[in-house]
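Just model37.pdb here, PDB, C-alpha atoms and all ligand atoms:
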```pdb
ATOM      1  CA  MET A  67       0.000   0.000   0.000  1.00  0.00           C
ATOM      2  CA  SER A  68       1.039   3.644  -0.425  1.00  0.00           C
ATOM      3  CA  LEU A  69       0.789   6.938   1.382  1.00  0.00           C
ATOM      4  CA  LEU A  70      -0.989   9.506  -0.790  1.00  0.00           C
ATOM      5  CA  ASN A  71      -0.342  13.261  -0.970  1.00  0.00           C
ATOM      6  CA  ILE A  72      -3.073  15.276   0.751  1.00  0.00           C
ATOM      7  CA  LEU A  73      -3.989  18.506  -1.053  1.00  0.00           C
ATOM      8  CA  ARG A  74      -3.708  21.631   1.097  1.00  0.00           C
ATOM      9  CA  TYR A  75      -6.256  24.471   1.123  1.00  0.00           C
ATOM     10  CA  PRO A  76      -6.587  26.718  -0.924  1.00  0.00           C
ATOM     11  CA  ASP A  77      -5.594  24.274  -3.687  1.00  0.00           C
ATOM     12  CA  PRO A  78      -8.343  24.721  -6.349  1.00  0.00           C
ATOM     13  CA  ARG A  79      -8.509  20.948  -6.908  1.00  0.00           C
ATOM     14  CA  LEU A  80     -10.251  20.676  -3.507  1.00  0.00           C
ATOM     15  CA  HIS A  81     -13.252  22.358  -5.124  1.00  0.00           C
ATOM     16  CA  LYS A  82     -13.762  19.805  -7.909  1.00  0.00           C
ATOM     17  CA  ILE A  83     -17.016  17.815  -7.763  1.00  0.00           C
ATOM     18  CA  ALA A  84     -16.494  14.063  -7.317  1.00  0.00           C
ATOM     19  CA  LYS A  85     -18.153  11.679  -9.789  1.00  0.00           C
ATOM     20  CA  PRO A  86     -20.083   8.542  -8.739  1.00  0.00           C
ATOM     21  CA  VAL A  87     -18.079   5.290  -8.665  1.00  0.00           C
ATOM     22  CA  THR A  88     -19.314   2.852 -11.323  1.00  0.00           C
ATOM     23  CA  VAL A  89     -16.611   0.154 -11.448  1.00  0.00           C
ATOM     24  CA  PHE A  90     -15.941  -1.996  -8.363  1.00  0.00           C
ATOM     25  CA  ASP A  91     -12.566  -3.532  -9.116  1.00  0.00           C
ATOM     26  CA  ALA A  92      -9.079  -4.057  -7.670  1.00  0.00           C
ATOM     27  CA  ARG A  93      -8.133  -0.448  -8.455  1.00  0.00           C
ATOM     28  CA  LEU A  94     -10.962   0.822  -6.241  1.00  0.00           C
ATOM     29  CA  LYS A  95      -9.999  -1.533  -3.421  1.00  0.00           C
ATOM     30  CA  LYS A  96      -6.358  -0.379  -3.620  1.00  0.00           C
ATOM     31  CA  LEU A  97      -7.440   3.272  -3.600  1.00  0.00           C
ATOM     32  CA  ALA A  98      -9.555   2.675  -0.469  1.00  0.00           C
ATOM     33  CA  ALA A  99      -6.649   0.857   1.200  1.00  0.00           C
ATOM     34  CA  ASP A 100      -4.165   3.620   0.314  1.00  0.00           C
ATOM     35  CA  MET A 101      -6.598   6.276   1.568  1.00  0.00           C
ATOM     36  CA  ALA A 102      -7.036   4.381   4.836  1.00  0.00           C
ATOM     37  CA  GLU A 103      -3.254   4.097   5.277  1.00  0.00           C
ATOM     38  CA  THR A 104      -2.905   7.815   4.556  1.00  0.00           C
ATOM     39  CA  MET A 105      -5.680   8.667   7.040  1.00  0.00           C
ATOM     40  CA  TYR A 106      -4.177   6.545   9.850  1.00  0.00           C
ATOM     41  CA  ASP A 107      -0.713   7.984   9.152  1.00  0.00           C
ATOM     42  CA  ALA A 108      -1.864  11.643   9.180  1.00  0.00           C
ATOM     43  CA  PRO A 109      -3.478  10.901  11.717  1.00  0.00           C
ATOM     44  CA  GLY A 110      -7.105  11.658  11.044  1.00  0.00           C
ATOM     45  CA  VAL A 111     -10.529  10.099  11.536  1.00  0.00           C
ATOM     46  CA  GLY A 112     -11.667  10.544   7.968  1.00  0.00           C
ATOM     47  CA  LEU A 113     -10.439  11.204   4.437  1.00  0.00           C
ATOM     48  CA  ALA A 114     -12.249  11.903   1.167  1.00  0.00           C
ATOM     49  CA  ALA A 115     -10.855  10.914  -2.247  1.00  0.00           C
ATOM     50  CA  SER A 116     -11.085  14.585  -3.275  1.00  0.00           C
ATOM     51  CA  GLN A 117      -8.335  15.355  -0.734  1.00  0.00           C
ATOM     52  CA  VAL A 118      -5.905  13.048  -2.537  1.00  0.00           C
ATOM     53  CA  ASP A 119      -6.836  14.510  -5.924  1.00  0.00           C
ATOM     54  CA  VAL A 120      -9.058  11.604  -6.946  1.00  0.00           C
ATOM     55  CA  HIS A 121     -12.450  13.000  -7.834  1.00  0.00           C
ATOM     56  CA  GLU A 122     -14.653   9.970  -7.218  1.00  0.00           C
ATOM     57  CA  GLN A 123     -17.290   9.569  -4.479  1.00  0.00           C
ATOM     58  CA  LEU A 124     -15.267   7.557  -1.958  1.00  0.00           C
ATOM     59  CA  ILE A 125     -14.601   8.297   1.719  1.00  0.00           C
ATOM     60  CA  VAL A 126     -12.860   6.338   4.481  1.00  0.00           C
ATOM     61  CA  ILE A 127     -13.601   6.902   8.182  1.00  0.00           C
ATOM     62  CA  ASP A 128     -12.462   5.419  11.485  1.00  0.00           C
ATOM     63  CA  THR A 129     -13.700   7.258  14.577  1.00  0.00           C
ATOM     64  CA  SER A 130     -12.937   4.336  16.945  1.00  0.00           C
ATOM     65  CA  ASP A 131     -10.548   4.863  19.872  1.00  0.00           C
ATOM     66  CA  THR A 132      -8.829   1.609  18.967  1.00  0.00           C
ATOM     67  CA  ARG A 133      -8.293   2.695  15.321  1.00  0.00           C
ATOM     68  CA  ASP A 134      -9.498  -0.657  14.045  1.00  0.00           C
ATOM     69  CA  ASP A 135     -13.020   0.079  12.784  1.00  0.00           C
ATOM     70  CA  LEU A 136     -12.521   1.231   9.197  1.00  0.00           C
ATOM     71  CA  ARG A 137     -15.647   2.228   7.291  1.00  0.00           C
ATOM     72  CA  VAL A 138     -15.700   2.808   3.531  1.00  0.00           C
ATOM     73  CA  PHE A 139     -18.567   4.794   1.988  1.00  0.00           C
ATOM     74  CA  ILE A 140     -18.971   4.842  -1.797  1.00  0.00           C
ATOM     75  CA  ASN A 141     -21.526   7.109  -3.547  1.00  0.00           C
ATOM     76  CA  PRO A 142     -22.870   8.122  -0.113  1.00  0.00           C
ATOM     77  CA  GLU A 143     -26.193   9.981   0.192  1.00  0.00           C
ATOM     78  CA  ILE A 144     -27.906  11.338   3.289  1.00  0.00           C
ATOM     79  CA  VAL A 145     -31.456   9.980   3.147  1.00  0.00           C
ATOM     80  CA  TRP A 146     -32.588  11.585   6.433  1.00  0.00           C
ATOM     81  CA  ALA A 147     -31.182  14.315   8.691  1.00  0.00           C
ATOM     82  CA  SER A 148     -32.463  15.417  12.111  1.00  0.00           C
ATOM     83  CA  PRO A 149     -33.815  18.934  12.503  1.00  0.00           C
ATOM     84  CA  GLU A 150     -31.627  19.154  15.616  1.00  0.00           C
ATOM     85  CA  LYS A 151     -28.176  20.576  14.905  1.00  0.00           C
ATOM     86  CA  GLN A 152     -24.897  20.473  16.834  1.00  0.00           C
ATOM     87  CA  ILE A 153     -21.764  22.573  16.706  1.00  0.00           C
ATOM     88  CA  TYR A 154     -18.476  20.652  16.629  1.00  0.00           C
ATOM     89  CA  ASP A 155     -14.907  22.040  16.678  1.00  0.00           C
ATOM     90  CA  GLU A 156     -13.795  20.734  13.297  1.00  0.00           C
ATOM     91  CA  GLY A 157     -10.368  20.325  11.765  1.00  0.00           C
ATOM     92  CA  CYS A 158      -9.287  19.076   8.356  1.00  0.00           C
ATOM     93  CA  LEU A 159      -6.181  17.318   7.045  1.00  0.00           C
ATOM     94  CA  SER A 160      -6.287  19.745   4.109  1.00  0.00           C
ATOM     95  CA  VAL A 161      -6.330  22.760   6.450  1.00  0.00           C
ATOM     96  CA  PRO A 162      -3.597  21.841   8.952  1.00  0.00           C
ATOM     97  CA  GLY A 163      -3.587  23.557  12.352  1.00  0.00           C
ATOM     98  CA  ILE A 164      -6.987  25.221  11.953  1.00  0.00           C
ATOM     99  CA  TYR A 165      -9.985  24.276  14.140  1.00  0.00           C
ATOM    100  CA  ASP A 166     -13.309  26.106  14.361  1.00  0.00           C
ATOM    101  CA  GLY A 167     -16.968  25.492  15.174  1.00  0.00           C
ATOM    102  CA  VAL A 168     -19.247  24.204  12.405  1.00  0.00           C
ATOM    103  CA  GLU A 169     -22.998  23.525  12.843  1.00  0.00           C
ATOM    104  CA  ARG A 170     -24.292  20.295  11.326  1.00  0.00           C
ATOM    105  CA  HIS A 171     -27.232  17.865  11.662  1.00  0.00           C
ATOM    106  CA  ALA A 172     -26.914  16.022  14.982  1.00  0.00           C
ATOM    107  CA  LYS A 173     -28.251  12.705  13.571  1.00  0.00           C
ATOM    108  CA  ILE A 174     -28.237  11.375  10.003  1.00  0.00           C
ATOM    109  CA  LYS A 175     -29.199   8.270   8.020  1.00  0.00           C
ATOM    110  CA  VAL A 176     -26.721   7.515   5.212  1.00  0.00           C
ATOM    111  CA  ARG A 177     -27.104   5.123   2.274  1.00  0.00           C
ATOM    112  CA  ALA A 178     -23.903   4.052   0.501  1.00  0.00           C
ATOM    113  CA  LEU A 179     -22.135   1.184  -1.279  1.00  0.00           C
ATOM    114  CA  ASP A 180     -19.213  -0.827   0.101  1.00  0.00           C
ATOM    115  CA  VAL A 181     -16.076  -1.712  -1.905  1.00  0.00           C
ATOM    116  CA  ASP A 182     -17.900  -4.698  -3.414  1.00  0.00           C
ATOM    117  CA  GLY A 183     -20.759  -2.502  -4.611  1.00  0.00           C
ATOM    118  CA  LYS A 184     -23.151  -3.821  -1.945  1.00  0.00           C
ATOM    119  CA  ARG A 185     -25.633  -1.244  -0.645  1.00  0.00           C
ATOM    120  CA  PHE A 186     -25.886  -0.511   3.091  1.00  0.00           C
ATOM    121  CA  GLU A 187     -27.529   2.070   5.368  1.00  0.00           C
ATOM    122  CA  ILE A 188     -26.508   3.433   8.751  1.00  0.00           C
ATOM    123  CA  GLU A 189     -28.157   5.849  11.161  1.00  0.00           C
ATOM    124  CA  THR A 190     -25.712   7.650  13.428  1.00  0.00           C
ATOM    125  CA  ASP A 191     -24.917  10.683  15.565  1.00  0.00           C
ATOM    126  CA  GLY A 192     -21.901  12.102  17.423  1.00  0.00           C
ATOM    127  CA  LEU A 193     -18.440  12.267  15.884  1.00  0.00           C
ATOM    128  CA  LEU A 194     -19.309   9.748  13.145  1.00  0.00           C
ATOM    129  CA  ALA A 195     -22.228  11.897  11.976  1.00  0.00           C
ATOM    130  CA  VAL A 196     -20.030  15.000  11.970  1.00  0.00           C
ATOM    131  CA  CYS A 197     -17.261  13.233  10.080  1.00  0.00           C
ATOM    132  CA  ILE A 198     -19.570  11.759   7.434  1.00  0.00           C
ATOM    133  CA  GLN A 199     -21.075  15.214   6.740  1.00  0.00           C
ATOM    134  CA  HIS A 200     -17.576  16.764   6.651  1.00  0.00           C
ATOM    135  CA  GLU A 201     -16.285  14.145   4.192  1.00  0.00           C
ATOM    136  CA  MET A 202     -19.407  14.319   2.003  1.00  0.00           C
ATOM    137  CA  ASP A 203     -18.814  18.082   1.758  1.00  0.00           C
ATOM    138  CA  HIS A 204     -15.352  17.294   0.347  1.00  0.00           C
ATOM    139  CA  LEU A 205     -16.990  15.180  -2.393  1.00  0.00           C
ATOM    140  CA  LYS A 206     -19.080  18.265  -3.273  1.00  0.00           C
ATOM    141  CA  GLY A 207     -15.920  20.402  -3.443  1.00  0.00           C
ATOM    142  CA  LYS A 208     -16.619  22.122  -0.120  1.00  0.00           C
ATOM    143  CA  VAL A 209     -13.996  22.645   2.625  1.00  0.00           C
ATOM    144  CA  PHE A 210     -15.159  23.362   6.218  1.00  0.00           C
ATOM    145  CA  VAL A 211     -13.577  26.859   6.255  1.00  0.00           C
ATOM    146  CA  GLU A 212     -16.346  27.879   3.814  1.00  0.00           C
ATOM    147  CA  TYR A 213     -18.737  27.816   6.774  1.00  0.00           C
ATOM    148  CA  LEU A 214     -16.608  30.462   8.533  1.00  0.00           C
ATOM    149  CA  SER A 215     -16.723  34.241   8.058  1.00  0.00           C
ATOM    150  CA  PRO A 216     -14.938  35.703   4.990  1.00  0.00           C
ATOM    151  CA  LEU A 217     -12.532  37.456   7.384  1.00  0.00           C
ATOM    152  CA  LYS A 218     -11.578  34.181   9.105  1.00  0.00           C
ATOM    153  CA  ARG A 219     -11.405  32.311   5.761  1.00  0.00           C
ATOM    154  CA  ASN A 220      -9.121  34.933   4.178  1.00  0.00           C
ATOM    155  CA  ARG A 221      -6.815  34.912   7.212  1.00  0.00           C
ATOM    156  CA  ILE A 222      -6.602  31.086   7.025  1.00  0.00           C
ATOM    157  CA  LYS A 223      -5.910  31.242   3.267  1.00  0.00           C
ATOM    158  CA  ALA A 224      -3.116  33.812   3.783  1.00  0.00           C
ATOM    159  CA  LYS A 225      -1.582  31.769   6.638  1.00  0.00           C
ATOM    160  CA  LEU A 226      -1.538  28.508   4.657  1.00  0.00           C
ATOM    161  CA  LEU A 227      -0.201  30.186   1.483  1.00  0.00           C
ATOM    162  CA  LYS A 228       2.627  31.735   3.561  1.00  0.00           C
ATOM    163  CA  GLU A 229       3.404  28.323   5.086  1.00  0.00           C
ATOM    164  CA  GLU A 230       3.382  26.759   1.589  1.00  0.00           C
ATOM    165  CA  ARG A 231       5.877  29.367   0.336  1.00  0.00           C
ATOM    166  CA  GLU A 232       8.149  28.787   3.342  1.00  0.00           C
ATOM    167  CA  LEU A 233       7.912  25.009   2.834  1.00  0.00           C
ATOM    168  CA  LYS A 234       8.897  25.377  -0.854  1.00  0.00           C
ATOM    169  CA  ARG A 235      11.784  27.722   0.068  1.00  0.00           C
ATOM    170  CA  ASP A 236      13.099  25.304   2.711  1.00  0.00           C
ATOM    171  CA  ARG A 237      12.885  22.392   0.239  1.00  0.00           C
ATOM    172  CA  GLN A 238      14.841  24.439  -2.383  1.00  0.00           C
ATOM    173  CA  SER A 239      17.541  25.432   0.143  1.00  0.00           C
ATOM    174  CA  VAL A 240      18.001  21.746   1.116  1.00  0.00           C
ATOM    175  CA  ALA A 241      18.151  20.728  -2.572  1.00  0.00           C
ATOM    176  CA  VAL A 242      20.871  23.320  -3.280  1.00  0.00           C
ATOM    177  CA  ARG A 243      23.193  22.152  -0.431  1.00  0.00           C
TER     178      ARG A 243
HETATM  179  O1  LIG A 301     -11.507  15.534   6.136  1.00  0.00           O
HETATM  180  C1  LIG A 301     -10.524  15.449   6.853  1.00  0.00           C
HETATM  181  O2  LIG A 301      -9.528  16.155   6.678  1.00  0.00           O
HETATM  182  C2  LIG A 301     -10.531  14.515   8.014  1.00  0.00           C
HETATM  183  C3  LIG A 301     -10.928  15.193   9.276  1.00  0.00           C
HETATM  184  C4  LIG A 301     -12.231  14.542   9.654  1.00  0.00           C
HETATM  185  C5  LIG A 301     -13.017  15.268  10.682  1.00  0.00           C
HETATM  186  C6  LIG A 301     -13.340  16.589  10.542  1.00  0.00           C
HETATM  187  C7  LIG A 301     -14.119  17.227  11.487  1.00  0.00           C
HETATM  188  C8  LIG A 301     -14.573  16.540  12.569  1.00  0.00           C
HETATM  189  C9  LIG A 301     -14.248  15.216  12.716  1.00  0.00           C
HETATM  190  C10 LIG A 301     -13.473  14.578  11.759  1.00  0.00           C
HETATM  191  C11 LIG A 301      -9.719  15.015  10.179  1.00  0.00           C
HETATM  192  O3  LIG A 301      -9.774  13.797  10.816  1.00  0.00           O
HETATM  193  S1  LIG A 301      -9.453  16.354  11.237  1.00  0.00           S
HETATM  194  C12 LIG A 301      -8.581  15.807  12.556  1.00  0.00           C
HETATM  195  C13 LIG A 301      -9.493  15.313  13.652  1.00  0.00           C
HETATM  196  C14 LIG A 301      -9.131  14.215  14.363  1.00  0.00           C
HETATM  197  C15 LIG A 301      -9.949  13.747  15.376  1.00  0.00           C
HETATM  198  C16 LIG A 301     -11.146  14.387  15.675  1.00  0.00           C
HETATM  199  C17 LIG A 301     -11.489  15.496  14.960  1.00  0.00           C
HETATM  200  C18 LIG A 301     -10.670  15.979  13.934  1.00  0.00           C
HETATM  201 ZN    ZN A 302     -11.497  17.664   5.697  1.00  0.00          ZN
END
```

As structure tokens:
Amino acid sequence: MSLLNILRYPDPRLHKIAKPVTVFDARLKKLAADMAETMYDAPGVGLAASQVDVHEQLIVIDTSDTRDDLRVFINPEIVWASPEKQIYDEGCLSVPGIYDGVERHAKIKVRALDVDGKRFEIETDGLLAVCIQHEMDHLKGKVFVEYLSPLKRNRIKAKLLKEERELKRDRQSVAVR
């Protein structure tokens, strides 16, 4: 398996819309496995294919404390969402070091396919519900900072672009030595 490169905000590729998966083959299984390895390594509790520049409707999630309860959701759709909302302090592997409150449905029912193309449904709340909604936003090209004020979003964009420039400069200075 391989570790995949995670796109960093404000990379425009994070805003591409993911297409439904139609072929359930070894390539798809390897992609899911590589995404899971990348998520565990980060570490994170979820990862969407959009974040590794693959624009197909595939997300991997593991919110367990023991890090051994991997869930794969393909072509996920929310078929029911509670009117009750909750605010959770979210982060994102594509927006490193930034955490802020986002309001989402407290409980959801999700229908999806597994890696073999078999349909399943789950109803959930808590961190899993938050994570599923966060990852499904990624598949729609939406990053959680878009729920924040323009002032906050622009400050985050400037901070991450500055960090990116410094990262590139440091890499070049090492290469020259
Ligand atoms: O999409 C991602 O980058 C993965 C997120 C998933 C996530 C976002 C918000 C709330 C819960 C999960 C990363 O796992 S962010 C890091 C993290 C780790 C543990 C709990 C919350 C956030
Ligand atoms: Zn994210």

Handout entry: the PyMOL selection byres (((not hetatm)) within 6 of (chain A and resi 302)) applied to the shown file, residues as a list in words
Key = Cys158, Leu159 and Ser160 of chain A

Exercise for the section: Throw together the list of residues within 6 Å of ligand LIG 301 (chain A), counting all atoms listed in the file, and drop it here as a list in words. Expected result: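 What falls inside 6 Å of ligand LIG 301 (chain A) is Gly110, Val111, Gly112, Leu113, Glu156, Gly157, Cys158, Leu159, Ser160, Val196, Cys197, His200 and Glu201 of chain A.
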
Exercise for the section: Fewer than 2 positions away in the same chain doesn't count, so skip those; otherwise give me all residues within 12 Å of Ile198 of chain A, counting all atoms listed in the file, as a ChimeraX atom specification. Expected result: /A:111-114,124-129,137-140,142-144,147,170-178,188-196,200-205

Just need the box for segment 134-141 of chain A, edges along x, y and z, holding every atom the file lists for it with 8 Å tacked onto each side, so centre and edge lengths in Å to one decimal, as JSON.
```
{"center_x": -15.5, "center_y": 3.2, "center_z": 5.2, "size_x": 28.0, "size_y": 23.8, "size_z": 33.6}
```

Problem - Hits from the PyMOL selection byres (((chain A and resi 219) around 12) and not hetatm), listed as JSON, numbers by chain - result: {"A": [75, 76, 161, 164, 165, 166, 209, 210, 211, 212, 213, 214, 215, 216, 217, 218, 220, 221, 222, 223, 224, 225, 226]}

Practice task
Name the residues that the PyMOL selection byres (((chain A and resi 90) around 6) and not hetatm) picks from the file above, as a list in words, using the file's chain letters and numbers.
Solution key: Val89, Asp91 and Asp182 of chain A

Exercise for the section: Work out how far apart atom CA of Thr132 of chain A and atom CA of Ser148 of chain A are and give it in Å to one decimal. Expected result: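 Those two atoms sit 28.2 Å apart.
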
Exercise for the section: Would you work out the distance separating atom CA of Phe186 of chain A from atom CA of Asn141 of chain A, expressed in Å to one decimal? Expected result: 11.0 Å

Practice task
Give me the residues within 12 Å of Asp107 of chain A as a PyMOL selection string, counting only C-alpha atoms and dropping any in the same chain fewer than 2 places off.
Solution key: chain A and resi 68-72+100-105+109-113+133+159

Some atoms are absent from segment 211-222 of chain A, so rebuild all heavy atoms and return them as a PDB file, in the frame of the given file.
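Resulting contents of out-v2.pdb:
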```
ATOM      1  N   VAL A 211     -13.814  25.420   6.018  1.00  0.00           N
ATOM      2  CA  VAL A 211     -13.577  26.859   6.255  1.00  0.00           C
ATOM      3  C   VAL A 211     -14.607  27.723   5.509  1.00  0.00           C
ATOM      4  O   VAL A 211     -14.781  28.897   5.829  1.00  0.00           O
ATOM      5  CB  VAL A 211     -12.143  27.265   5.859  1.00  0.00           C
ATOM      6  CG1 VAL A 211     -11.115  26.563   6.730  1.00  0.00           C
ATOM      7  CG2 VAL A 211     -11.868  27.018   4.393  1.00  0.00           C
ATOM      8  N   GLU A 212     -15.322  27.110   4.555  1.00  0.00           N
ATOM      9  CA  GLU A 212     -16.346  27.879   3.814  1.00  0.00           C
ATOM     10  C   GLU A 212     -17.578  28.168   4.678  1.00  0.00           C
ATOM     11  O   GLU A 212     -18.421  28.995   4.313  1.00  0.00           O
ATOM     12  CB  GLU A 212     -16.730  27.135   2.530  1.00  0.00           C
ATOM     13  CG  GLU A 212     -15.568  27.046   1.528  1.00  0.00           C
ATOM     14  CD  GLU A 212     -15.825  26.128   0.365  1.00  0.00           C
ATOM     15  OE1 GLU A 212     -16.864  26.294  -0.313  1.00  0.00           O
ATOM     16  OE2 GLU A 212     -14.985  25.248   0.119  1.00  0.00           O
ATOM     17  N   TYR A 213     -17.647  27.504   5.845  1.00  0.00           N
ATOM     18  CA  TYR A 213     -18.737  27.816   6.774  1.00  0.00           C
ATOM     19  C   TYR A 213     -18.365  28.999   7.684  1.00  0.00           C
ATOM     20  O   TYR A 213     -19.201  29.524   8.419  1.00  0.00           O
ATOM     21  CB  TYR A 213     -19.034  26.603   7.673  1.00  0.00           C
ATOM     22  CG  TYR A 213     -19.679  25.439   6.946  1.00  0.00           C
ATOM     23  CD1 TYR A 213     -18.919  24.347   6.523  1.00  0.00           C
ATOM     24  CD2 TYR A 213     -21.050  25.422   6.678  1.00  0.00           C
ATOM     25  CE1 TYR A 213     -19.501  23.282   5.853  1.00  0.00           C
ATOM     26  CE2 TYR A 213     -21.637  24.351   6.004  1.00  0.00           C
ATOM     27  CZ  TYR A 213     -20.847  23.287   5.599  1.00  0.00           C
ATOM     28  OH  TYR A 213     -21.420  22.221   4.931  1.00  0.00           O
ATOM     29  N   LEU A 214     -17.079  29.394   7.650  1.00  0.00           N
ATOM     30  CA  LEU A 214     -16.608  30.462   8.533  1.00  0.00           C
ATOM     31  C   LEU A 214     -16.800  31.826   7.865  1.00  0.00           C
ATOM     32  O   LEU A 214     -17.115  31.906   6.677  1.00  0.00           O
ATOM     33  CB  LEU A 214     -15.129  30.227   8.882  1.00  0.00           C
ATOM     34  CG  LEU A 214     -14.763  28.827   9.414  1.00  0.00           C
ATOM     35  CD1 LEU A 214     -13.272  28.769   9.736  1.00  0.00           C
ATOM     36  CD2 LEU A 214     -15.620  28.449  10.613  1.00  0.00           C
ATOM     37  N   SER A 215     -16.552  32.887   8.627  1.00  0.00           N
ATOM     38  CA  SER A 215     -16.723  34.241   8.058  1.00  0.00           C
ATOM     39  C   SER A 215     -15.659  34.489   6.986  1.00  0.00           C
ATOM     40  O   SER A 215     -14.558  33.897   7.038  1.00  0.00           O
ATOM     41  CB  SER A 215     -16.550  35.274   9.178  1.00  0.00           C
ATOM     42  OG  SER A 215     -15.182  35.283   9.596  1.00  0.00           O
ATOM     43  N   PRO A 216     -15.956  35.375   6.015  1.00  0.00           N
ATOM     44  CA  PRO A 216     -14.938  35.703   4.990  1.00  0.00           C
ATOM     45  C   PRO A 216     -13.631  36.196   5.612  1.00  0.00           C
ATOM     46  O   PRO A 216     -12.553  35.856   5.143  1.00  0.00           O
ATOM     47  CB  PRO A 216     -15.621  36.796   4.172  1.00  0.00           C
ATOM     48  CG  PRO A 216     -17.080  36.557   4.345  1.00  0.00           C
ATOM     49  CD  PRO A 216     -17.244  36.029   5.749  1.00  0.00           C
ATOM     50  N   LEU A 217     -13.745  36.939   6.727  1.00  0.00           N
ATOM     51  CA  LEU A 217     -12.532  37.456   7.384  1.00  0.00           C
ATOM     52  C   LEU A 217     -11.672  36.291   7.879  1.00  0.00           C
ATOM     53  O   LEU A 217     -10.470  36.213   7.587  1.00  0.00           O
ATOM     54  CB  LEU A 217     -12.917  38.373   8.550  1.00  0.00           C
ATOM     55  CG  LEU A 217     -11.748  38.959   9.368  1.00  0.00           C
ATOM     56  CD1 LEU A 217     -10.926  39.916   8.484  1.00  0.00           C
ATOM     57  CD2 LEU A 217     -12.246  39.693  10.618  1.00  0.00           C
ATOM     58  N   LYS A 218     -12.312  35.340   8.580  1.00  0.00           N
ATOM     59  CA  LYS A 218     -11.578  34.181   9.105  1.00  0.00           C
ATOM     60  C   LYS A 218     -11.004  33.369   7.935  1.00  0.00           C
ATOM     61  O   LYS A 218      -9.837  32.959   7.951  1.00  0.00           O
ATOM     62  CB  LYS A 218     -12.512  33.285   9.914  1.00  0.00           C
ATOM     63  CG  LYS A 218     -12.706  33.694  11.350  1.00  0.00           C
ATOM     64  CD  LYS A 218     -13.493  32.616  12.105  1.00  0.00           C
ATOM     65  CE  LYS A 218     -13.636  32.941  13.586  1.00  0.00           C
ATOM     66  NZ  LYS A 218     -14.434  31.898  14.294  1.00  0.00           N
ATOM     67  N   ARG A 219     -11.822  33.149   6.902  1.00  0.00           N
ATOM     68  CA  ARG A 219     -11.405  32.311   5.761  1.00  0.00           C
ATOM     69  C   ARG A 219     -10.209  32.939   5.064  1.00  0.00           C
ATOM     70  O   ARG A 219      -9.227  32.275   4.742  1.00  0.00           O
ATOM     71  CB  ARG A 219     -12.574  32.124   4.804  1.00  0.00           C
ATOM     72  CG  ARG A 219     -12.333  31.098   3.732  1.00  0.00           C
ATOM     73  CD  ARG A 219     -13.611  30.644   3.048  1.00  0.00           C
ATOM     74  NE  ARG A 219     -14.424  31.737   2.543  1.00  0.00           N
ATOM     75  CZ  ARG A 219     -15.578  32.117   3.066  1.00  0.00           C
ATOM     76  NH1 ARG A 219     -16.060  31.510   4.128  1.00  0.00           N
ATOM     77  NH2 ARG A 219     -16.273  33.112   2.537  1.00  0.00           N
ATOM     78  N   ASN A 220     -10.236  34.254   4.859  1.00  0.00           N
ATOM     79  CA  ASN A 220      -9.121  34.933   4.178  1.00  0.00           C
ATOM     80  C   ASN A 220      -7.846  34.898   5.013  1.00  0.00           C
ATOM     81  O   ASN A 220      -6.747  34.744   4.484  1.00  0.00           O
ATOM     82  CB  ASN A 220      -9.509  36.371   3.826  1.00  0.00           C
ATOM     83  CG  ASN A 220     -10.549  36.403   2.710  1.00  0.00           C
ATOM     84  OD1 ASN A 220     -10.619  35.468   1.897  1.00  0.00           O
ATOM     85  ND2 ASN A 220     -11.371  37.432   2.683  1.00  0.00           N
ATOM     86  N   ARG A 221      -8.011  34.981   6.334  1.00  0.00           N
ATOM     87  CA  ARG A 221      -6.815  34.912   7.212  1.00  0.00           C
ATOM     88  C   ARG A 221      -6.200  33.507   7.127  1.00  0.00           C
ATOM     89  O   ARG A 221      -4.985  33.336   7.063  1.00  0.00           O
ATOM     90  CB  ARG A 221      -7.201  35.234   8.658  1.00  0.00           C
ATOM     91  CG  ARG A 221      -7.363  36.727   8.901  1.00  0.00           C
ATOM     92  CD  ARG A 221      -7.735  37.046  10.324  1.00  0.00           C
ATOM     93  NE  ARG A 221      -7.772  38.488  10.570  1.00  0.00           N
ATOM     94  CZ  ARG A 221      -8.419  39.031  11.605  1.00  0.00           C
ATOM     95  NH1 ARG A 221      -9.066  38.249  12.485  1.00  0.00           N
ATOM     96  NH2 ARG A 221      -8.437  40.335  11.785  1.00  0.00           N
ATOM     97  N   ILE A 222      -7.086  32.480   7.116  1.00  0.00           N
ATOM     98  CA  ILE A 222      -6.602  31.086   7.025  1.00  0.00           C
ATOM     99  C   ILE A 222      -5.901  30.872   5.689  1.00  0.00           C
ATOM    100  O   ILE A 222      -4.815  30.284   5.619  1.00  0.00           O
ATOM    101  CB  ILE A 222      -7.784  30.115   7.198  1.00  0.00           C
ATOM    102  CG1 ILE A 222      -8.318  30.169   8.639  1.00  0.00           C
ATOM    103  CG2 ILE A 222      -7.398  28.693   6.792  1.00  0.00           C
ATOM    104  CD1 ILE A 222      -9.689  29.536   8.834  1.00  0.00           C
TER     105      ILE A 222
END
```
